[in-house]
Structures are given as C-alpha cells and as structure tokens.
Amino acid sequence: MILTGFFQLLGILLIIIEIIYIFYAFIIARQVNLLNKSFMTEFSFAFTFLSYVHLLLTFVVVLISFVLLI
Amino acid sequence: MISQLFHSFETNTKGMGFQGKDDDEQILYVLRRHFIVNFKWVALTFIFLFVPVLVSAVLLPGLQNDLSARPSKFIFAASLFWYLFVFGFVIERFLHWFFNIFIVTTKKIVDMDFFNLLHRNISETPLQNIEDVTYEIKGLPGIVFNYGIVTIQTAGERREFEFEHLGNPSKIADIVSDLVRGVKNR
C-alpha cells in the first residue's frame, strides 16, 4: 500500500517533469530552425525533421504516462 | 553525404550558405572543432542507455514482468521518458558541435558560436582586417589528435577571434594567412 502510494507520487512527479520537458523540446525545434537559417547545409531538413520527431515523441510519452500513471 | 555530417574540416561547401553571405562571395572552408571533442558526450550517451536496465534490474528485482503493478508501470513510463531525454541530449550535443563553426570565405571569416540552446553569437571580420594569425597546440590530447587553438588578431571592433580545438591548426593558420596576404596584395 505504502509502495503503491509512493509510486503514485513518483508518477505525478514524472508527468510534471515531462510537461516541463515539452518546453525544452520546443526550444530545440525553434533553435534548429534559427540555426538552419544562420547556416544552411544539405542537412537542414534532416535536423528540422529530427527536432520535430523529438517534439512529437515528447507528446506521445506524456500521453502514455498519463494513461499508465493517472 | 552522411559522412559529411562528421567533417571538422569541410572543403566541399556546395549547397552551404549563411546569413550575410554576399552573392559574389564563395565559402572556401567550414571548420569545426575536432570530432574527438565529442568523445565525452558520446561515451556518456552509451552509459545513459543502460541506466533504465540497471535501475530496474538492480533496485527493483521481480517487478519487470508484472506490467499491471503500479511500480512496473512507473518504471516503464520513466524508462520511456529517459530514452526520450537521451535522444534530446544527443540532438542538443550534436547541434552544439555541428553549428559551432568557423567559416572562411573569399571575403571574410565568420565565427558562429552556439553556446547552448538559449545563447549563440555570430561575429565576422573582412580578410583585409586580419593582422596576425597564430596557432597553439598544447596538452597530450592536442598533440595526439593534432588539434589546437587558432587565434586571429584583427583591426576591427572585435580584436581577437579564437577558435579552440580546431583540427590541424597549422594548416588552418597557413590557409588564412595566405588568403589575407592575397587580399592585401590585390
């Protein structure tokens, strides 16, 4: 019982951290856009794509955490 | 093409450009820190990949197979997040290396510093403003991997450009000196 409560608390904490992480993922995506404008290479699209995949995965992970832990 | 991603001394500048580049200007070299400087974070990434496995195997034995229990669900969710974090860490670290560049063009040198996600700095100076180019190789890793510091003294507002951990600094210093001499002799 105590262990379950403890993990419930940890779950809420994890979701809070994940929500904060969304901002970090968003900043990465934004910064990649700016960097690609400052210095253009043939990899610009790949960097942008990766940063958006990362952002999308962040939302997916938050969603999975909500379903599993709340 | 993919191997170009890891070049620290790029001479094939086709398809490259930067903000402030003139139409009649050509990028000659794009220089980055020696790839070996990435060793720390790459090694750290490999360690990070094993953290969830170690945590669930060592600290919470017997919970991995019971996905209905709350601790197991938490471990699963936390592991997912951890791998996402590692993915973000790799992107951020790689961008930090890739976009910290020193560009040499037919007209100027450009120093693009990407300190972190919230701090970057871009400086440039025309080749004719360059007064002195020096390089320094120090320390065991510098000697083994042939990287060092190239310092460029200028007559411009920013007096000094310093590029750390550049591979083959003697060659770079020589290239810049030759270019400057060529521009001044015109």
# chains A, B, ... in the order shown; residues from 1 in each chain; ligands from 1
$ residues_around --residues "stretch 127-136 of chain B" --least-positions-apart "3" --cutoff "7 Å" --atoms "only C-alpha atoms" --output "ChimeraX atom specification"
/B:107-109,148-156,169-170,173,177,180,183-184
$ interface_residues --of "chain B" --to "chain A" --cutoff "9 Å" --atoms "only C-alpha atoms" --output "short mmCIF file (atom, residue, chain, number, x, y, z; two decimals) with N, CA, C and O atoms, in the first residue's frame"
data_model
loop_
_atom_site.label_atom_id
_atom_site.label_comp_id
_atom_site.auth_asym_id
_atom_site.auth_seq_id
_atom_site.Cartn_x
_atom_site.Cartn_y
_atom_site.Cartn_z
N MET B 1 27.55 11.37 -48.50
CA MET B 1 26.88 12.59 -47.99
C MET B 1 26.78 12.56 -46.47
O MET B 1 27.06 13.54 -45.80
N ILE B 2 26.40 11.37 -45.94
CA ILE B 2 26.24 11.27 -44.48
C ILE B 2 27.56 11.53 -43.76
O ILE B 2 27.60 12.18 -42.71
N LEU B 5 28.50 14.90 -42.46
CA LEU B 5 27.94 15.35 -41.18
C LEU B 5 29.01 15.42 -40.10
O LEU B 5 28.90 16.18 -39.15
N THR B 13 31.93 22.77 -50.02
CA THR B 13 30.94 23.66 -49.42
C THR B 13 29.72 23.88 -50.33
O THR B 13 28.96 24.82 -50.13
N LYS B 14 29.56 22.98 -51.28
CA LYS B 14 28.42 23.08 -52.20
C LYS B 14 27.11 22.97 -51.41
O LYS B 14 26.97 22.07 -50.57
N GLY B 15 26.19 23.86 -51.69
CA GLY B 15 24.89 23.81 -51.02
C GLY B 15 24.89 24.48 -49.65
O GLY B 15 23.89 24.46 -48.95
N MET B 16 26.03 25.04 -49.27
CA MET B 16 26.09 25.71 -47.96
C MET B 16 25.92 27.22 -48.12
O MET B 16 26.28 27.78 -49.16
N GLY B 17 25.41 27.83 -47.08
CA GLY B 17 25.25 29.27 -47.09
C GLY B 17 25.11 29.76 -45.67
O GLY B 17 24.94 28.96 -44.75
N PHE B 18 25.19 31.06 -45.50
CA PHE B 18 24.99 31.62 -44.15
C PHE B 18 24.39 33.00 -44.27
O PHE B 18 24.47 33.62 -45.34
N GLN B 19 23.81 33.45 -43.17
CA GLN B 19 23.18 34.76 -43.17
C GLN B 19 24.25 35.83 -43.39
O GLN B 19 25.28 35.81 -42.71
N GLY B 20 24.04 36.71 -44.31
CA GLY B 20 25.00 37.78 -44.55
C GLY B 20 25.99 37.47 -45.65
O GLY B 20 26.92 38.24 -45.90
N ALA B 69 1.18 -3.98 -12.17
CA ALA B 69 1.52 -3.32 -10.91
C ALA B 69 1.99 -1.89 -11.15
O ALA B 69 2.65 -1.62 -12.15
N ARG B 70 1.64 -0.99 -10.22
CA ARG B 70 1.99 0.42 -10.38
C ARG B 70 3.50 0.66 -10.49
O ARG B 70 3.93 1.42 -11.37
N PRO B 71 4.32 0.01 -9.64
CA PRO B 71 5.77 0.24 -9.79
C PRO B 71 6.28 -0.12 -11.19
O PRO B 71 7.11 0.58 -11.75
N LYS B 73 4.55 -0.11 -13.96
CA LYS B 73 4.07 0.90 -14.92
C LYS B 73 4.94 2.16 -14.83
O LYS B 73 5.27 2.77 -15.83
N PHE B 74 5.28 2.50 -13.59
CA PHE B 74 6.11 3.69 -13.40
C PHE B 74 7.47 3.49 -14.06
O PHE B 74 7.98 4.37 -14.76
N PHE B 76 8.23 1.56 -16.49
CA PHE B 76 8.07 1.58 -17.95
C PHE B 76 7.98 3.03 -18.46
O PHE B 76 8.69 3.42 -19.40
N ALA B 77 7.12 3.82 -17.80
CA ALA B 77 6.93 5.22 -18.23
C ALA B 77 8.21 6.03 -18.04
O ALA B 77 8.60 6.82 -18.91
N ALA B 78 8.88 5.81 -16.90
CA ALA B 78 10.12 6.55 -16.61
C ALA B 78 11.21 6.15 -17.61
O ALA B 78 11.99 7.01 -18.05
N LEU B 80 10.75 5.13 -20.72
CA LEU B 80 10.41 5.78 -21.99
C LEU B 80 10.89 7.23 -21.99
O LEU B 80 11.51 7.71 -22.93
N PHE B 81 10.58 7.91 -20.89
CA PHE B 81 10.98 9.31 -20.78
C PHE B 81 12.49 9.45 -20.79
O PHE B 81 13.05 10.36 -21.40
N LEU B 84 13.79 9.21 -24.21
CA LEU B 84 13.47 10.45 -24.91
C LEU B 84 14.47 11.53 -24.53
O LEU B 84 14.98 12.28 -25.38
N PHE B 85 14.78 11.60 -23.23
CA PHE B 85 15.75 12.57 -22.73
C PHE B 85 17.12 12.32 -23.38
O PHE B 85 17.80 13.27 -23.80
N PHE B 87 17.68 10.95 -26.25
CA PHE B 87 17.52 11.38 -27.64
C PHE B 87 17.70 12.90 -27.75
O PHE B 87 18.45 13.41 -28.60
N GLY B 88 17.05 13.64 -26.86
CA GLY B 88 17.16 15.10 -26.82
C GLY B 88 18.58 15.55 -26.52
O GLY B 88 19.10 16.48 -27.12
N ILE B 91 20.70 15.10 -29.63
CA ILE B 91 20.41 16.15 -30.61
C ILE B 91 21.10 17.45 -30.20
O ILE B 91 21.81 18.08 -30.98
N GLU B 92 20.92 17.82 -28.92
CA GLU B 92 21.46 19.09 -28.44
C GLU B 92 22.97 19.11 -28.51
O GLU B 92 23.58 20.09 -28.96
N LEU B 95 24.15 19.21 -32.22
CA LEU B 95 23.95 20.55 -32.79
C LEU B 95 25.01 21.50 -32.27
O LEU B 95 25.51 22.36 -32.99
N PHE B 99 27.07 23.23 -35.21
CA PHE B 99 26.85 24.65 -35.54
C PHE B 99 27.86 25.59 -34.88
O PHE B 99 27.72 26.80 -34.99
N MET B 112 30.81 31.47 -35.76
CA MET B 112 29.48 31.20 -35.21
C MET B 112 29.63 30.36 -33.96
O MET B 112 30.10 29.22 -34.03
N PHE B 114 27.75 28.60 -30.84
CA PHE B 114 26.46 28.12 -30.32
C PHE B 114 26.76 27.56 -28.94
O PHE B 114 27.21 26.44 -28.80
N LEU B 117 21.27 26.15 -26.00
CA LEU B 117 20.02 26.39 -26.72
C LEU B 117 19.55 27.85 -26.66
O LEU B 117 18.81 28.30 -27.51
N LEU B 118 19.99 28.56 -25.63
CA LEU B 118 19.50 29.93 -25.45
C LEU B 118 20.56 31.00 -25.70
O LEU B 118 20.33 32.17 -25.46
N ILE B 122 27.35 35.42 -33.24
CA ILE B 122 27.95 35.37 -34.58
C ILE B 122 28.79 36.64 -34.79
O ILE B 122 28.28 37.75 -34.62
#
$ select_by_dssp --residues "stretch 2-186 of chain B" --states "helix (DSSP H, G or I)" --output "number ranges by chain"
B: 2-6, 35-59, 70-98, 127-129, 140-145, 169-184
$ closest_residue --among "B:Ser56, B:Gln4, B:Thr106, B:Ser79" --to "B:Gly182" --atoms "only C-alpha atoms"
B:Thr106
$ closest_residue --among "B:Glu162, B:Asp23, B:Glu157, B:Asp113" --to "B:Pro126" --atoms "only C-alpha atoms"
B:Glu157
$ residues_around --residues "B:Lys40" --least-positions-apart "4" --cutoff "12 Å" --atoms "only C-alpha atoms" --output "PDB file with N, CA and C atoms, in the first residue's frame"
ATOM      1  N   PHE B  35      36.574  16.196 -34.166  1.00  0.00           N
ATOM      2  CA  PHE B  35      35.451  15.328 -33.776  1.00  0.00           C
ATOM      3  C   PHE B  35      35.697  14.617 -32.439  1.00  0.00           C
ATOM      4  N   ILE B  36      36.949  14.483 -32.079  1.00  0.00           N
ATOM      5  CA  ILE B  36      37.280  13.771 -30.836  1.00  0.00           C
ATOM      6  C   ILE B  36      36.717  14.510 -29.600  1.00  0.00           C
ATOM      7  N   LEU B  44      29.084   9.171 -22.629  1.00  0.00           N
ATOM      8  CA  LEU B  44      28.013   9.382 -21.649  1.00  0.00           C
ATOM      9  C   LEU B  44      26.675   8.841 -22.162  1.00  0.00           C
ATOM     10  N   THR B  45      26.440   9.021 -23.454  1.00  0.00           N
ATOM     11  CA  THR B  45      25.202   8.528 -24.059  1.00  0.00           C
ATOM     12  C   THR B  45      25.100   7.011 -23.930  1.00  0.00           C
ATOM     13  N   PHE B  46      26.214   6.317 -24.200  1.00  0.00           N
ATOM     14  CA  PHE B  46      26.197   4.857 -24.090  1.00  0.00           C
ATOM     15  C   PHE B  46      25.927   4.421 -22.643  1.00  0.00           C
ATOM     16  N   ILE B  47      26.475   5.167 -21.701  1.00  0.00           N
ATOM     17  CA  ILE B  47      26.209   4.844 -20.283  1.00  0.00           C
ATOM     18  C   ILE B  47      24.728   5.096 -19.972  1.00  0.00           C
ATOM     19  N   VAL B  90      21.331  13.887 -27.166  1.00  0.00           N
ATOM     20  CA  VAL B  90      22.172  13.630 -28.348  1.00  0.00           C
ATOM     21  C   VAL B  90      21.958  14.734 -29.397  1.00  0.00           C
ATOM     22  N   ARG B  93      23.614  18.016 -28.085  1.00  0.00           N
ATOM     23  CA  ARG B  93      25.086  17.940 -28.091  1.00  0.00           C
ATOM     24  C   ARG B  93      25.629  17.964 -29.514  1.00  0.00           C
ATOM     25  N   PHE B  94      24.952  17.235 -30.414  1.00  0.00           N
ATOM     26  CA  PHE B  94      25.432  17.185 -31.794  1.00  0.00           C
ATOM     27  C   PHE B  94      25.298  18.562 -32.461  1.00  0.00           C
TER      28      PHE B  94
END
$ closest_residue --among "B:Phe163, B:Phe89, B:Phe9, B:Phe102" --to "B:Trp41" --atoms "only C-alpha atoms"
B:Phe89
$ residues_around --residues "B:His7" --least-positions-apart "6" --cutoff "10 Å" --atoms "only C-alpha atoms" --output "MDAnalysis selection string"
chainID B and resid 30:35 98
$ select_by_dssp --residues "stretch 15-130 of chain B" --states "strand (DSSP E)" --output "PyMOL selection string"
chain B and resi 17-18+27-31+101-105+108-116+119-126+130
